[in-house]
file target-v6.txt (compact mmCIF, C-alpha atoms)
# COMPACT_ATOMS: atom_id res chain seq x y z
CA MET A 1 1.71 31.33 122.13
CA LEU A 2 3.79 28.36 123.14
CA ARG A 3 6.66 30.55 124.24
CA ASN A 4 5.18 31.41 127.63
CA ARG A 5 3.78 28.02 128.49
CA ARG A 6 4.96 26.48 131.75
CA PRO A 7 6.87 23.21 131.41
CA LEU A 8 5.14 20.02 132.44
CA ASN A 9 7.83 19.27 135.04
CA PRO A 10 9.41 22.03 137.16
CA GLU A 11 12.83 20.35 137.02
CA HIS A 12 13.10 21.26 133.35
CA GLN A 13 13.75 24.81 134.52
CA LEU A 14 16.38 23.65 137.04
CA SER A 15 18.68 21.59 134.85
CA HIS A 16 21.70 23.14 136.56
CA LEU A 17 20.76 21.50 139.89
CA PRO A 18 21.19 17.83 140.92
CA MET A 19 18.04 15.87 140.13
CA SER A 20 18.06 14.12 143.50
CA GLY A 21 17.97 17.47 145.28
CA ILE A 22 15.09 18.66 143.10
CA ILE A 23 13.02 15.55 143.79
CA ARG A 24 13.72 15.60 147.54
CA SER A 25 12.85 19.30 147.70
CA ARG A 26 9.59 18.67 145.88
CA ILE A 27 8.66 15.79 148.21
CA GLN A 28 9.38 17.95 151.24
CA ARG A 29 7.24 20.74 149.82
CA LEU A 30 4.34 18.35 149.17
CA PHE A 31 4.60 16.94 152.69
CA THR A 32 4.50 20.49 154.07
CA ILE A 33 1.35 21.29 152.09
CA LEU A 34 -0.25 18.01 153.18
CA ALA A 35 0.60 18.67 156.82
CA GLY A 36 -0.97 22.14 156.55
CA LEU A 37 -4.16 20.69 155.06
CA LEU A 38 -4.37 18.03 157.78
CA ILE A 39 -3.94 20.56 160.58
CA THR A 40 -6.56 22.84 158.98
CA GLN A 41 -9.04 19.95 158.61
CA ILE A 42 -8.50 18.83 162.22
CA LEU A 43 -9.14 22.36 163.51
CA ILE A 44 -12.28 22.74 161.33
CA LEU A 45 -13.75 19.46 162.57
CA TRP A 46 -12.87 20.31 166.15
CA ALA A 47 -14.61 23.69 165.78
CA VAL A 48 -17.80 22.76 163.89
CA GLU A 49 -18.38 19.15 164.96
CA GLU A 50 -19.08 17.77 168.40
CA LEU A 51 -15.76 15.98 168.50
CA THR A 52 -12.72 16.15 170.73
CA LEU A 53 -9.35 17.12 169.31
CA PHE A 54 -8.25 13.48 169.26
CA GLU A 55 -11.47 12.35 167.58
CA SER A 56 -11.06 15.09 164.96
CA ALA A 57 -7.50 13.96 164.28
CA TRP A 58 -8.59 10.31 164.13
CA MET A 59 -11.36 11.00 161.62
CA THR A 60 -9.04 13.18 159.51
CA MET A 61 -6.39 10.45 159.28
CA THR A 62 -8.86 7.67 158.46
CA THR A 63 -10.33 9.90 155.74
CA LEU A 64 -6.85 10.67 154.37
CA VAL A 65 -6.02 7.02 153.83
CA THR A 66 -9.57 6.28 152.61
CA VAL A 67 -10.17 3.67 155.31
CA GLY A 68 -13.48 5.03 156.63
CA TYR A 69 -14.19 3.00 159.77
CA GLY A 70 -17.50 4.82 160.21
CA ASP A 71 -17.11 5.34 163.95
CA PHE A 72 -17.13 9.11 163.36
CA ALA A 73 -18.69 11.16 160.54
CA PRO A 74 -19.18 14.88 159.93
CA GLU A 75 -22.72 16.09 160.52
CA THR A 76 -22.48 19.78 159.58
CA TYR A 77 -22.29 21.14 156.05
CA ILE A 78 -18.95 22.80 156.75
CA GLY A 79 -17.51 19.59 158.11
CA ARG A 80 -18.75 17.55 155.16
CA ILE A 81 -17.50 20.03 152.55
CA SER A 82 -14.05 20.29 154.18
CA THR A 83 -13.86 16.49 154.37
CA ILE A 84 -14.67 16.17 150.66
CA LEU A 85 -12.03 18.76 149.78
CA MET A 86 -9.46 17.10 152.02
CA MET A 87 -10.26 13.73 150.46
CA PHE A 88 -9.72 14.90 146.88
CA VAL A 89 -6.93 17.40 147.47
CA GLY A 90 -5.11 15.52 150.22
CA ALA A 91 -5.71 11.82 149.75
CA ILE A 92 -6.05 11.58 146.01
CA THR A 93 -3.84 14.39 144.70
CA LEU A 94 -1.07 15.05 147.21
CA LEU A 95 -0.50 11.45 148.29
CA THR A 96 -0.38 10.36 144.65
CA LEU A 97 2.20 13.03 143.87
CA ILE A 98 4.30 12.09 146.92
CA VAL A 99 4.28 8.39 146.06
CA SER A 100 5.06 9.16 142.43
CA ASP A 101 7.99 11.39 143.35
CA TYR A 102 9.32 8.81 145.82
CA ILE A 103 9.24 6.08 143.16
CA GLU A 104 10.93 8.46 140.72
CA TYR A 105 13.60 9.18 143.33
CA ARG A 106 14.22 5.47 143.91
CA PHE A 107 14.62 4.83 140.18
CA TYR A 108 16.89 7.85 139.86
CA ARG A 109 19.01 6.70 142.82
CA ARG A 110 19.30 3.17 141.41
CA GLU A 111 20.37 4.48 137.99
CA ARG A 112 22.97 6.75 139.58
CA ILE A 113 24.35 3.91 141.71
CA LEU A 114 24.64 1.59 138.69
CA THR A 115 26.46 4.17 136.60
CA GLY A 116 28.74 5.23 139.48
CA ARG A 117 27.37 8.74 139.95
CA TRP A 118 25.81 8.40 143.38
CA ILE A 119 27.64 10.16 146.22
CA TYR A 120 27.66 8.01 149.36
CA ALA A 121 27.99 9.36 152.87
CA MET A 122 31.08 7.38 153.91
CA LYS A 123 33.62 7.61 156.69
CA ASP A 124 36.58 5.39 157.72
CA HIS A 125 36.35 3.57 154.40
CA ILE A 126 38.89 2.36 151.83
CA VAL A 127 39.24 4.30 148.59
CA ILE A 128 40.81 2.54 145.59
CA ILE A 129 41.74 4.82 142.69
CA ASN A 130 42.06 3.38 139.15
CA THR A 131 41.38 -0.11 137.84
CA PRO A 132 43.81 -2.73 136.46
CA GLN A 133 43.90 -2.85 132.66
CA THR A 134 43.03 -6.55 132.68
CA GLY A 135 41.41 -8.76 135.27
CA GLY A 136 40.03 -5.88 137.32
CA GLU A 137 36.96 -7.82 138.37
CA GLN A 138 38.99 -10.75 139.71
CA TYR A 139 41.51 -8.41 141.36
CA PHE A 140 38.89 -6.41 143.25
CA THR A 141 36.91 -9.51 144.22
CA ARG A 142 39.97 -11.21 145.70
CA PHE A 143 41.10 -7.98 147.34
CA ALA A 144 37.72 -7.52 149.02
CA SER A 145 37.46 -11.15 150.19
CA GLN A 146 40.99 -11.01 151.65
CA MET A 147 40.33 -7.66 153.30
CA ARG A 148 37.12 -8.95 154.87
CA SER A 149 39.09 -11.74 156.56
CA VAL A 150 41.35 -9.26 158.41
CA PRO A 151 40.18 -8.54 161.99
CA GLY A 152 38.83 -5.00 162.18
CA TYR A 153 38.19 -4.77 158.43
CA GLU A 154 35.20 -7.13 158.20
CA THR A 155 32.67 -4.37 157.58
CA VAL A 156 34.84 -1.51 156.27
CA PRO A 157 33.24 -0.03 153.12
CA ILE A 158 35.34 -0.14 149.94
CA MET A 159 34.88 2.58 147.32
CA ILE A 160 36.46 2.39 143.85
CA LEU A 161 37.14 5.63 141.97
CA THR A 162 37.35 4.55 138.36
CA GLN A 163 36.23 5.26 134.81
CA HIS A 164 35.54 1.57 134.22
CA PHE A 165 32.25 -0.28 134.79
CA PRO A 166 29.96 2.32 133.13
CA ASN A 167 27.03 -0.12 133.27
CA GLY A 168 27.49 -1.04 136.90
CA LEU A 169 29.74 -3.32 138.94
CA PRO A 170 29.67 -7.07 138.20
CA PRO A 171 27.59 -9.10 140.70
CA GLU A 172 30.72 -10.70 142.18
CA MET A 173 32.07 -7.30 143.19
CA ALA A 174 28.75 -5.94 144.43
CA ASP A 175 28.19 -9.06 146.53
CA ASN A 176 31.48 -8.32 148.32
CA GLY A 177 30.22 -4.89 149.33
CA LEU A 178 32.16 -2.83 146.79
CA VAL A 179 30.72 0.37 145.33
CA HIS A 180 32.17 2.72 142.74
CA PHE A 181 32.15 6.33 141.61
CA HIS A 182 32.70 7.19 137.96
CA GLY A 183 35.58 9.64 137.78
CA SER A 184 39.32 10.21 137.78
CA GLY A 185 41.72 10.58 140.67
CA SER A 186 43.09 13.66 138.93
CA ASP A 187 39.74 15.40 139.36
CA PRO A 188 39.44 17.22 142.72
CA ALA A 189 35.65 17.01 142.51
CA ALA A 190 35.84 13.21 142.19
CA LEU A 191 38.20 12.95 145.18
CA LYS A 192 35.72 15.04 147.15
CA ALA A 193 32.81 12.86 146.00
CA VAL A 194 34.44 9.69 147.37
CA HIS A 195 35.23 11.49 150.67
CA ALA A 196 38.97 10.88 150.40
CA GLY A 197 39.55 13.20 153.35
CA SER A 198 37.64 10.95 155.75
CA ALA A 199 38.90 7.63 154.35
CA ARG A 200 40.82 5.17 156.50
CA ASP A 201 43.14 4.11 153.67
CA ILE A 202 43.66 5.30 150.09
CA ILE A 203 45.10 3.01 147.41
CA ILE A 204 46.37 4.33 144.08
CA LEU A 205 46.70 1.54 141.52
CA ALA A 206 48.92 1.97 138.48
CA ALA A 207 46.76 2.88 135.49
CA ASP A 208 48.84 0.45 133.39
CA GLU A 209 51.04 -1.94 135.33
CA ALA A 210 53.18 -2.56 132.22
CA ASP A 211 53.72 1.09 131.26
CA PRO A 212 56.31 3.06 133.28
CA SER A 213 54.76 6.33 132.13
CA SER A 214 51.68 5.54 134.23
CA ASP A 215 53.77 6.61 137.23
CA SER A 216 53.14 10.18 136.10
CA LEU A 217 49.39 9.82 136.62
CA THR A 218 49.95 8.09 139.95
CA PHE A 219 52.30 10.89 141.01
CA ASP A 220 49.72 13.54 140.06
CA ILE A 221 47.03 11.85 142.17
CA ALA A 222 49.41 11.31 145.08
CA HIS A 223 50.49 14.95 144.91
CA ARG A 224 46.87 16.12 145.12
CA LEU A 225 46.29 13.92 148.16
CA SER A 226 49.55 15.03 149.74
CA GLU A 227 48.50 18.67 149.38
CA SER A 228 45.45 17.77 151.48
CA ASN A 229 47.70 16.18 154.15
CA LEU A 230 46.50 12.68 153.24
CA GLY A 231 49.88 11.22 152.29
CA GLN A 232 50.08 9.04 155.42
CA LYS A 233 46.92 7.25 154.32
CA VAL A 234 48.16 6.51 150.78
CA THR A 235 49.48 3.23 149.39
CA ALA A 236 50.68 3.82 145.82
CA GLU A 237 51.82 1.43 143.10
CA CYS A 238 55.02 2.39 141.31
CA VAL A 239 56.05 0.67 138.08
CA ARG A 240 59.64 1.95 137.99
CA ASP A 241 61.74 1.44 141.12
CA GLU A 242 63.61 4.66 140.29
CA ASN A 243 60.45 6.64 141.05
CA ARG A 244 59.94 5.22 144.52
CA GLU A 245 61.98 7.89 146.23
CA ARG A 246 59.88 10.62 144.61
CA PHE A 247 56.70 9.15 146.14
CA THR A 248 58.34 8.67 149.53
CA SER A 249 59.68 12.25 149.63
CA MET A 250 56.16 13.48 148.92
CA GLY A 251 54.88 11.82 152.10
CA VAL A 252 53.28 8.69 150.65
CA ARG A 253 53.12 6.06 153.40
CA THR A 254 53.71 2.93 151.31
CA VAL A 255 55.07 2.41 147.80
CA ILE A 256 54.67 -1.02 146.21
CA ARG A 257 55.24 -2.65 142.84
CA PRO A 258 52.12 -3.65 140.87
CA VAL A 259 51.48 -7.35 141.52
CA ARG A 260 48.14 -8.11 139.88
CA THR A 261 48.13 -11.86 140.47
CA TYR A 262 48.54 -11.41 144.23
CA PRO A 263 46.19 -8.72 145.59
CA GLU A 264 46.96 -10.21 149.00
CA ILE A 265 50.23 -8.24 148.93
CA MET A 266 48.24 -5.02 148.60
CA VAL A 267 46.02 -6.11 151.49
CA ARG A 268 49.05 -6.68 153.72
CA SER A 269 50.56 -3.32 152.74
CA VAL A 270 47.34 -1.61 153.85
CA VAL A 271 46.68 -3.42 157.14
CA ALA A 272 50.36 -3.92 158.09
CA PRO A 273 52.51 -1.25 156.40
CA GLY A 274 56.07 -2.50 155.94
CA SER A 275 55.13 -6.15 155.46
CA GLU A 276 54.87 -5.55 151.72
CA LYS A 277 58.66 -5.13 151.62
CA VAL A 278 59.14 -8.66 152.92
CA LEU A 279 56.63 -10.05 150.44
CA GLU A 280 58.16 -8.13 147.53
CA ASP A 281 61.59 -9.54 148.36
CA LEU A 282 60.18 -13.04 147.95
CA PHE A 283 59.63 -12.22 144.28
CA ASN A 284 63.00 -10.53 143.84
CA TYR A 285 66.10 -12.74 143.41
CA GLN A 286 68.47 -9.80 143.87
CA ASN A 287 68.16 -9.53 147.66
CA ASP A 288 66.58 -12.40 149.59
CA HIS A 289 64.74 -15.44 148.28
CA PRO A 290 63.19 -18.62 149.73
CA HIS A 291 65.39 -21.66 149.09
CA ARG A 292 64.44 -25.32 149.46
CA TYR A 293 66.87 -27.73 151.17
CA GLU A 294 66.42 -31.50 150.89
CA ILE A 295 67.36 -32.67 154.40
CA ASP A 296 66.02 -35.27 156.84
CA LEU A 297 64.39 -33.95 160.02
CA ASP A 298 63.49 -36.23 162.90
CA ASP A 299 64.78 -35.16 166.33
CA LEU A 300 64.58 -31.37 166.61
CA THR A 301 61.70 -29.06 167.47
CA TRP A 302 60.71 -26.17 165.23
CA ALA A 303 62.20 -23.71 167.74
CA ASP A 304 65.52 -25.64 167.61
CA ILE A 305 65.65 -25.56 163.81
CA VAL A 306 64.85 -21.84 163.61
CA SER A 307 67.42 -21.01 166.29
CA ALA A 308 70.13 -23.18 164.70
CA LEU A 309 69.90 -21.53 161.30
CA ILE A 310 69.71 -18.00 162.71
CA ARG A 311 72.65 -18.54 165.10
CA HIS A 312 74.81 -19.75 162.22
CA GLY A 313 73.78 -16.85 159.94
CA ILE A 314 72.15 -19.07 157.33
CA GLY A 315 68.70 -17.48 157.14
CA THR A 316 65.16 -17.49 158.45
CA THR A 317 63.26 -20.78 158.34
CA LEU A 318 59.83 -20.31 156.75
CA ALA A 319 58.40 -23.85 156.49
CA TYR A 320 59.26 -27.54 156.33
CA ILE A 321 58.21 -30.36 154.01
CA ASP A 322 56.65 -33.36 155.74
CA GLU A 323 56.72 -36.99 154.59
CA ASN A 324 53.67 -36.40 152.37
CA ASN A 325 55.37 -33.53 150.52
CA ASP A 326 53.03 -31.02 152.15
CA VAL A 327 54.51 -27.62 153.00
CA ILE A 328 53.85 -26.81 156.67
CA CYS A 329 54.16 -23.12 157.54
CA HIS A 330 54.62 -21.82 161.07
CA PRO A 331 54.15 -25.05 163.08
CA THR A 332 54.01 -25.16 166.87
CA THR A 333 57.38 -24.11 168.31
CA ASP A 334 57.76 -27.09 170.69
CA GLN A 335 56.60 -29.62 168.08
CA GLU A 336 59.22 -32.19 167.09
CA ILE A 337 59.59 -31.99 163.33
CA GLU A 338 59.59 -35.06 161.11
CA GLY A 339 60.12 -34.30 157.45
CA LYS A 340 62.43 -34.29 154.49
CA GLY A 341 63.05 -30.69 153.65
CA LEU A 342 63.22 -27.06 154.75
CA ILE A 343 62.31 -23.78 153.06
CA VAL A 344 64.60 -21.02 154.26
CA LEU A 345 64.75 -17.31 153.43
CA VAL A 346 68.42 -16.76 152.51
CA LYS A 347 70.58 -14.06 150.97
CA SER A 348 70.56 -14.34 147.18
CA SER A 349 74.18 -13.19 146.94
CA GLU A 350 75.49 -15.98 149.20
CA THR A 351 73.11 -18.92 149.32
CA PRO A 352 74.48 -21.63 151.65
CA ASP A 353 74.51 -25.18 150.33
CA VAL A 354 72.78 -28.07 152.04
CA GLY A 355 76.00 -29.19 153.76
CA VAL A 356 76.19 -25.94 155.69
CA VAL A 357 72.60 -26.41 156.90
CA GLU A 358 73.27 -30.01 157.96
CA GLU A 359 76.38 -28.91 159.85
CA ALA A 360 74.46 -26.16 161.63
CA LEU A 361 71.77 -28.61 162.75
CA ALA A 362 74.40 -31.14 163.88
CA ARG A 363 76.17 -28.48 165.96
CA TYR A 364 72.88 -27.48 167.50
CA ARG A 365 72.19 -31.10 168.42
CA GLU A 366 75.55 -31.21 170.24
CA PHE A 367 74.74 -27.93 171.94
CA ILE A 368 71.40 -29.24 173.14
CA LYS A 369 72.99 -32.51 174.30
CA LYS A 370 75.62 -30.67 176.39
CA TRP A 371 72.97 -28.31 177.76
CA HIS A 372 70.86 -31.26 178.92
CA GLU A 373 73.94 -32.88 180.51
CA LEU A 374 74.67 -29.67 182.43
CA GLN A 375 71.04 -29.50 183.54
CA ASP A 376 71.16 -33.10 184.78
CA GLN A 377 74.47 -32.49 186.57
CA ALA A 378 73.10 -29.39 188.28
CA ALA A 379 70.02 -31.32 189.34
CA GLU A 380 72.15 -34.11 190.84
CA GLU A 381 74.33 -31.63 192.74
CA GLU A 382 71.26 -29.89 194.08
CA ALA A 383 69.79 -33.23 195.20
CA ILE A 384 73.05 -34.17 197.00
CA ALA A 385 73.21 -30.79 198.70
CA THR A 386 69.59 -31.09 199.84
CA LYS A 387 70.21 -34.60 201.22
CA ALA A 388 73.31 -33.45 203.14
CA ALA A 389 71.39 -30.55 204.62
CA ASP A 390 68.63 -32.86 205.83
CA GLN A 391 71.21 -35.11 207.61

call {"tool": "encode", "arguments": {"input": "target-v6.txt", "output": "structure tokens"}}
result
Amino acid sequence: MLRNRRPLNPEHQLSHLPMSGIIRSRIQRLFTILAGLLITQILILWAVEELTLFESAWMTMTTLVTVGYGDFAPETYIGRISTILMMFVGAITLLTLIVSDYIEYRFYRRERILTGRWIYAMKDHIVIINTPQTGGEQYFTRFASQMRSVPGYETVPIMILTQHFPNGLPPEMADNGLVHFHGSGSDPAALKAVHAGSARDIIILAADEADPSSDSLTFDIAHRLSESNLGQKVTAECVRDENRERFTSMGVRTVIRPVRTYPEIMVRSVVAPGSEKVLEDLFNYQNDHPHRYEIDLDDLTWADIVSALIRHGIGTTLAYIDENNDVICHPTTDQEIEGKGLIVLVKSSETPDVGVVEEALARYREFIKKWHELQDQAAEEEAIATKAADQ
């Protein structure tokens, strides 16, 4: 006898469909039935009562929401019976079901968002695939705060495709506008769910920044994206430098080493591709490195110092140390510098000593002195020529 009983909830028969779609479909169906009842009641009142069409609609709506202003009331038996039916079927039953389904939908949506199973309608967003093994919360929080400070990226949505955070994102990440989807970058359905095709930038983090074999997973994800012609949007982390060429040949736009303590490097690689190479070199003593020179500065502008060191092939001046031991980066070019040290980006293979830097600055002082003398001499000759012409 129990075999043919109908289930209490219709969705039990539709377990193969998404619950959100079932609930929305049911709400739409209930609204359609309610609209049909309202139209029928309005037409009945208009036909059997001495009311205009607007008055019939007004009385029907006030009855539906159980307000009952009393300005209009049915006087015929047909009108009264239809009003009673509309009250019980429409106001009490259908509205209760609609509100109940809407609340159920909101709870369902909230649960799906917390567990990373809600599919957002996103476009021109940033997709981050994978999560650092340790310190993921701090990494993503700093990444988001740095990204928000870049002009043009203040409101760009950030979506994380990860199998971490099964109970929801920490408040610090959610407060920075990050959302997540529970899945793997190797799953085409997950890439589709995060709308990778319409993303502005795609970042593939190394699954384990200390394990060179994680490059295999990164390569698999990058290959899937490259097959969809998304390689020029991808910034991928590569643990082993030997694998960089493989990513580049596949069409990946930017390849960068995992630097977990400085997510700012990842931000720069996304918003200014190519700048990550400069930043990486600062951490690599094999090519270029910043070197500090203890040297007195008192009579040259920042533009003079930068020009002097470049003209003599020493390196690129990054900052100077003032009298309070503060490091001043990128000062005003025509500002006369007073300090006791310089930080210069130099070649690691042939780092000049401080004597070479002092000599370069001294030569530049002589150059500037002679240039000023020539300027003064030219001004005097021009003044004499102008005076002779006037006579």

call {"tool": "closest_residue", "arguments": {"input": "target-v6.txt", "among": "A:Leu342, A:Thr66, A:Glu358, A:His330", "to": "Ile92 in chain A", "atoms": "all atoms listed in the file"}}
result
A:Thr66

call {"tool": "residues_near_point", "arguments": {"input": "target-v6.txt", "point": "(-18.7, 17.6, 166.1)", "cutoff": "12 Å", "atoms": "all atoms listed in the file", "output": "MDAnalysis selection string"}}
result
chainID A and resid 42:57 59 72:80

call {"tool": "closest_atom_pairs", "arguments": {"input": "target-v6.txt", "of": "range 265-361 of chain A", "to": "range 142-163 of chain A", "cutoff": "9 Å", "atoms": "all atoms listed in the file", "output": "Markdown table"}}
result
| residue | atom | partner | partner_atom | distance |
| --- | --- | --- | --- | --- |
| A:Met266 | CA | A:Phe143 | CA | 7.8 |
| A:Val267 | CA | A:Met147 | CA | 6.2 |
| A:Arg268 | CA | A:Met147 | CA | 8.8 |
| A:Val271 | CA | A:Val150 | CA | 8.0 |

call {"tool": "residues_around", "arguments": {"input": "target-v6.txt", "residues": "Arg244 in chain A", "least_positions_apart": "4", "cutoff": "7 Å", "atoms": "only C-alpha atoms", "output": "mmCIF file with C-alpha atoms, keeping the file's coordinate frame"}}
result
data_model
loop_
_atom_site.group_PDB
_atom_site.id
_atom_site.type_symbol
_atom_site.label_atom_id
_atom_site.label_comp_id
_atom_site.auth_asym_id
_atom_site.auth_seq_id
_atom_site.Cartn_x
_atom_site.Cartn_y
_atom_site.Cartn_z
ATOM 1 C CA CYS A 238 55.020 2.390 141.310
ATOM 2 C CA THR A 248 58.340 8.670 149.530
ATOM 3 C CA VAL A 255 55.070 2.410 147.800
#

call {"tool": "closest_atom_pairs", "arguments": {"input": "target-v6.txt", "of": "range 225-344 of chain A", "to": "range 112-128 of chain A", "cutoff": "10 Å", "atoms": "only C-alpha atoms", "output": "CSV"}}
result
residue,atom,partner,partner_atom,distance
A:Lys233,CA,A:Ile126,CA,9.7
A:Val234,CA,A:Val127,CA,9.4
A:Thr235,CA,A:Ile128,CA,9.5
A:Ala236,CA,A:Ile128,CA,10.0
A:Val270,CA,A:Ile126,CA,9.6

call {"tool": "residues_around", "arguments": {"input": "target-v6.txt", "residues": "Gly185 in chain A", "least_positions_apart": "3", "cutoff": "8 Å", "atoms": "only C-alpha atoms", "output": "ChimeraX atom specification"}}
result
/A:129-130,161-162,188,190-191,221

call {"tool": "atom_distance", "arguments": {"input": "target-v6.txt", "atom1": "CA of Asp353 in chain A", "atom2": "CA of Arg365 in chain A"}}
result
19.2 Å

call {"tool": "residues_around", "arguments": {"input": "target-v6.txt", "residues": "range 318-328 of chain A", "least_positions_apart": "3", "cutoff": "6 Å", "atoms": "all atoms listed in the file", "output": "PyMOL selection string"}}
result
chain A and resi 339-344

call {"tool": "atom_distance", "arguments": {"input": "target-v6.txt", "atom1": "CA of Thr301 in chain A", "atom2": "CA of Thr333 in chain A"}}
result
6.6 Å

call {"tool": "atom_distance", "arguments": {"input": "target-v6.txt", "atom1": "CA of Asp298 in chain A", "atom2": "CA of Pro331 in chain A"}}
result
14.6 Å

call {"tool": "residues_around", "arguments": {"input": "target-v6.txt", "residues": "Ser214 in chain A", "least_positions_apart": "3", "cutoff": "12 Å", "atoms": "all atoms listed in the file", "output": "short mmCIF file (atom, residue, chain, number, x, y, z; two decimals) with C-alpha atoms, in the frame of the given file"}}
result
data_model
loop_
_atom_site.label_atom_id
_atom_site.label_comp_id
_atom_site.auth_asym_id
_atom_site.auth_seq_id
_atom_site.Cartn_x
_atom_site.Cartn_y
_atom_site.Cartn_z
CA ASN A 130 42.06 3.38 139.15
CA PRO A 132 43.81 -2.73 136.46
CA GLN A 133 43.90 -2.85 132.66
CA ILE A 204 46.37 4.33 144.08
CA LEU A 205 46.70 1.54 141.52
CA ALA A 206 48.92 1.97 138.48
CA ALA A 207 46.76 2.88 135.49
CA ASP A 208 48.84 0.45 133.39
CA GLU A 209 51.04 -1.94 135.33
CA ALA A 210 53.18 -2.56 132.22
CA ASP A 211 53.72 1.09 131.26
CA LEU A 217 49.39 9.82 136.62
CA THR A 218 49.95 8.09 139.95
CA PHE A 219 52.30 10.89 141.01
CA ASP A 220 49.72 13.54 140.06
CA ILE A 221 47.03 11.85 142.17
CA ALA A 236 50.68 3.82 145.82
CA GLU A 237 51.82 1.43 143.10
CA CYS A 238 55.02 2.39 141.31
CA VAL A 239 56.05 0.67 138.08
CA ARG A 240 59.64 1.95 137.99
CA ASN A 243 60.45 6.64 141.05
CA PRO A 258 52.12 -3.65 140.87
#

call {"tool": "closest_residue", "arguments": {"input": "target-v6.txt", "among": "A:Ile23, A:Leu345, A:Ile337, A:Ala91", "to": "Ile305 in chain A", "atoms": "all atoms listed in the file"}}
result
A:Ile337

call {"tool": "residues_near_point", "arguments": {"input": "target-v6.txt", "point": "(33.1, -4.8, 143.1)", "cutoff": "9 Å", "atoms": "all atoms listed in the file", "output": "list of chain:residue names"}}
result
A:Glu137, A:Phe140, A:Thr141, A:Ala144, A:Ile158, A:Met159, A:Ile160, A:Leu169, A:Pro170, A:Pro171, A:Glu172, A:Met173, A:Ala174, A:Asp175, A:Asn176, A:Gly177, A:Leu178, A:Val179, A:His180

call {"tool": "closest_residue", "arguments": {"input": "target-v6.txt", "among": "A:Ala389, A:Leu300, A:Ala222, A:Ala196", "to": "Leu361 in chain A", "atoms": "all atoms listed in the file"}}
result
A:Leu300

call {"tool": "axis_aligned_box", "arguments": {"input": "target-v6.txt", "around": "range 366-379 of chain A", "padding_each_side": "4 Å", "output": "lines of an AutoDock Vina configuration file"}}
result
center_x = 72.8
center_y = -30.5
center_z = 179.8
size_x = 13.6
size_y = 13.2
size_z = 27.1

call {"tool": "closest_residue", "arguments": {"input": "target-v6.txt", "among": "A:Thr96, A:Lys347, A:Asp299, A:Glu381", "to": "Lys369 in chain A", "atoms": "only C-alpha atoms"}}
result
A:Asp299

call {"tool": "residues_around", "arguments": {"input": "target-v6.txt", "residues": "Gly90 in chain A", "least_positions_apart": "4", "cutoff": "9 Å", "atoms": "all atoms listed in the file", "output": "PyMOL selection string"}}
result
chain A and resi 33-34+37-38+64+85-86+94-96
